[in-house]
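Asks: One file is attached below, query39.cif, containing mmCIF, C-alpha atoms.
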data_start
loop_
_atom_site.label_atom_id
_atom_site.label_comp_id
_atom_site.auth_asym_id
_atom_site.auth_seq_id
_atom_site.Cartn_x
_atom_site.Cartn_y
_atom_site.Cartn_z
CA MET A 663 97.61 142.88 164.73
CA SER A 664 98.99 146.40 165.02
CA GLY A 665 96.98 147.05 168.16
CA LEU A 666 98.25 143.88 169.81
CA VAL A 667 101.87 144.61 168.88
CA LEU A 668 101.65 148.17 170.19
CA LEU A 669 99.99 146.90 173.36
CA GLY A 670 102.95 144.60 173.91
CA VAL A 671 105.57 147.22 173.06
CA CYS A 672 104.04 150.22 174.82
CA PRO A 673 101.26 149.28 177.28
CA SER A 674 100.97 152.86 178.53
CA CYS A 675 100.27 154.31 175.04
CA ASP A 676 96.49 153.99 175.30
CA SER A 677 95.80 156.67 172.70
CA ILE A 678 97.52 154.53 170.05
CA HIS A 679 96.69 150.89 170.68
CA VAL A 680 93.09 151.19 171.94
CA PRO A 681 91.71 152.70 168.67
CA LEU A 682 93.60 150.08 166.68
CA LEU A 683 92.16 147.28 168.81
CA VAL A 684 88.63 148.69 168.43
CA ILE A 685 88.92 149.03 164.66
CA GLY A 686 90.49 145.58 164.33
CA GLY A 687 87.78 143.99 166.47
CA ALA A 688 85.07 145.68 164.41
CA ALA A 689 86.71 144.53 161.18
CA LEU A 690 86.79 140.94 162.44
CA GLY A 691 83.22 141.19 163.72
CA VAL A 692 81.98 142.28 160.30
CA GLY A 693 84.42 140.33 158.11
CA ILE A 694 83.85 136.84 159.47
CA PRO A 695 80.07 136.82 158.84
CA LEU A 696 80.64 138.32 155.38
CA LEU A 697 83.08 135.52 154.54
CA ALA A 698 80.62 132.88 155.74
CA LYS A 699 77.81 134.41 153.68
CA GLY A 700 80.05 134.67 150.63
CA ILE A 701 81.05 131.00 150.89
CA LYS A 702 77.38 129.96 151.03
CA ARG A 703 76.48 132.17 148.06
CA ARG A 704 79.43 130.86 146.03
CA ARG A 705 78.38 127.24 146.66
CA ALA A 706 74.84 128.07 145.55
CA PHE A 707 76.18 129.77 142.42
CA ASP A 708 78.43 126.81 141.57
CA GLU A 709 75.50 124.40 141.95
CA ALA A 710 73.30 126.56 139.72
CA MET A 711 76.00 126.70 137.06
CA GLN A 712 76.38 122.91 137.06
CA GLU A 713 72.64 122.37 136.76
CA ARG A 714 72.35 124.67 133.78
CA GLN A 715 75.59 123.56 132.12
CA MET A 716 76.52 127.18 131.56
CA PHE A 717 80.17 128.17 131.89
CA PRO A 718 81.89 131.53 131.70
CA VAL A 719 84.68 131.47 129.13
CA VAL A 720 87.68 133.76 128.71
CA ALA A 721 90.04 133.14 125.83
CA ARG A 722 93.05 134.82 124.30
CA THR A 723 92.78 135.73 120.63
CA ARG A 724 95.21 137.15 118.16
CA TYR A 725 93.90 140.68 118.84
CA GLY A 726 93.44 140.52 122.63
CA TRP A 727 91.01 138.81 124.97
CA THR A 728 87.42 137.74 124.50
CA GLY A 729 84.82 136.50 126.94
CA GLY A 730 81.39 135.00 126.97
CA LEU A 731 79.17 132.16 128.09
CA ARG A 732 79.21 128.59 126.84
CA PHE A 733 75.98 126.60 126.98
CA ARG A 734 75.70 122.83 126.84
CA PHE A 735 72.42 121.14 126.07
#
Would you mind writing the file out in structure tokens?
Replies:
Amino acid sequence: MSGLVLLGVCPSCDSIHVPLLVIGGAALGVGIPLLAKGIKRRRAFDEAMQERQMFPVVARTRYGWTGGLRFRF
């Protein structure tokens, strides 16, 4: 976004907006596939948790917080 804004404001300032456009393009090029992979892995994890009937649990106690796993048979 910064690269596009600077390109619109100062088209002759190549030393500023070109590096920002390159970094932003690289971030999008890497980030989009990572998001897609993460969504697929999260769906697989959710399906595995439902099959096993195992749930992570976090609860507040009188002395703080506690966490664990709850199994259902």
Asks: For each of A:Ala721, A:Met716, A:Leu668, A:Met663, take the minimum atom-to-atom distance to A:Ala689, counting all atoms listed in the file, then give the residue where this is smallest.
Replies: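 Under the stated criterion, the closest residue is A:Met663.
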Asks: With all atoms listed in the file as the basis for distance, which of A:Leu669, A:Pro681, A:Gly726, A:Arg734 is at the shortest distance from A:Glu713?
Replies: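 Smallest distance to A:Glu713 is found for A:Arg734.
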Asks: Can you work out the spacing between atom CA of A:Arg705 and atom CA of A:Pro718 in Å, to one decimal?
Replies: 16.0 Å
Asks: List the residues selected by the PyMOL selection byres ((chain A and resi 679) around 8) in the file shown, writing them as JSON, numbers by chain.
Replies: {"A": [664, 665, 666, 668, 669, 675, 676, 677, 678, 680, 681, 682, 683]}
Asks: Just say which residues the PyMOL selection byres ((chain A and resi 719) around 12) picks in this file, as an mmCIF file with C-alpha atoms, in the coordinates of the input.
Replies:
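Result file follows (part13.cif):
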data_model
loop_
_atom_site.group_PDB
_atom_site.id
_atom_site.type_symbol
_atom_site.label_atom_id
_atom_site.label_comp_id
_atom_site.auth_asym_id
_atom_site.auth_seq_id
_atom_site.Cartn_x
_atom_site.Cartn_y
_atom_site.Cartn_z
ATOM 1 C CA MET A 716 76.520 127.180 131.560
ATOM 2 C CA PHE A 717 80.170 128.170 131.890
ATOM 3 C CA PRO A 718 81.890 131.530 131.700
ATOM 4 C CA VAL A 720 87.680 133.760 128.710
ATOM 5 C CA ALA A 721 90.040 133.140 125.830
ATOM 6 C CA ARG A 722 93.050 134.820 124.300
ATOM 7 C CA TRP A 727 91.010 138.810 124.970
ATOM 8 C CA THR A 728 87.420 137.740 124.500
ATOM 9 C CA GLY A 729 84.820 136.500 126.940
ATOM 10 C CA GLY A 730 81.390 135.000 126.970
ATOM 11 C CA LEU A 731 79.170 132.160 128.090
ATOM 12 C CA ARG A 732 79.210 128.590 126.840
ATOM 13 C CA PHE A 733 75.980 126.600 126.980
#
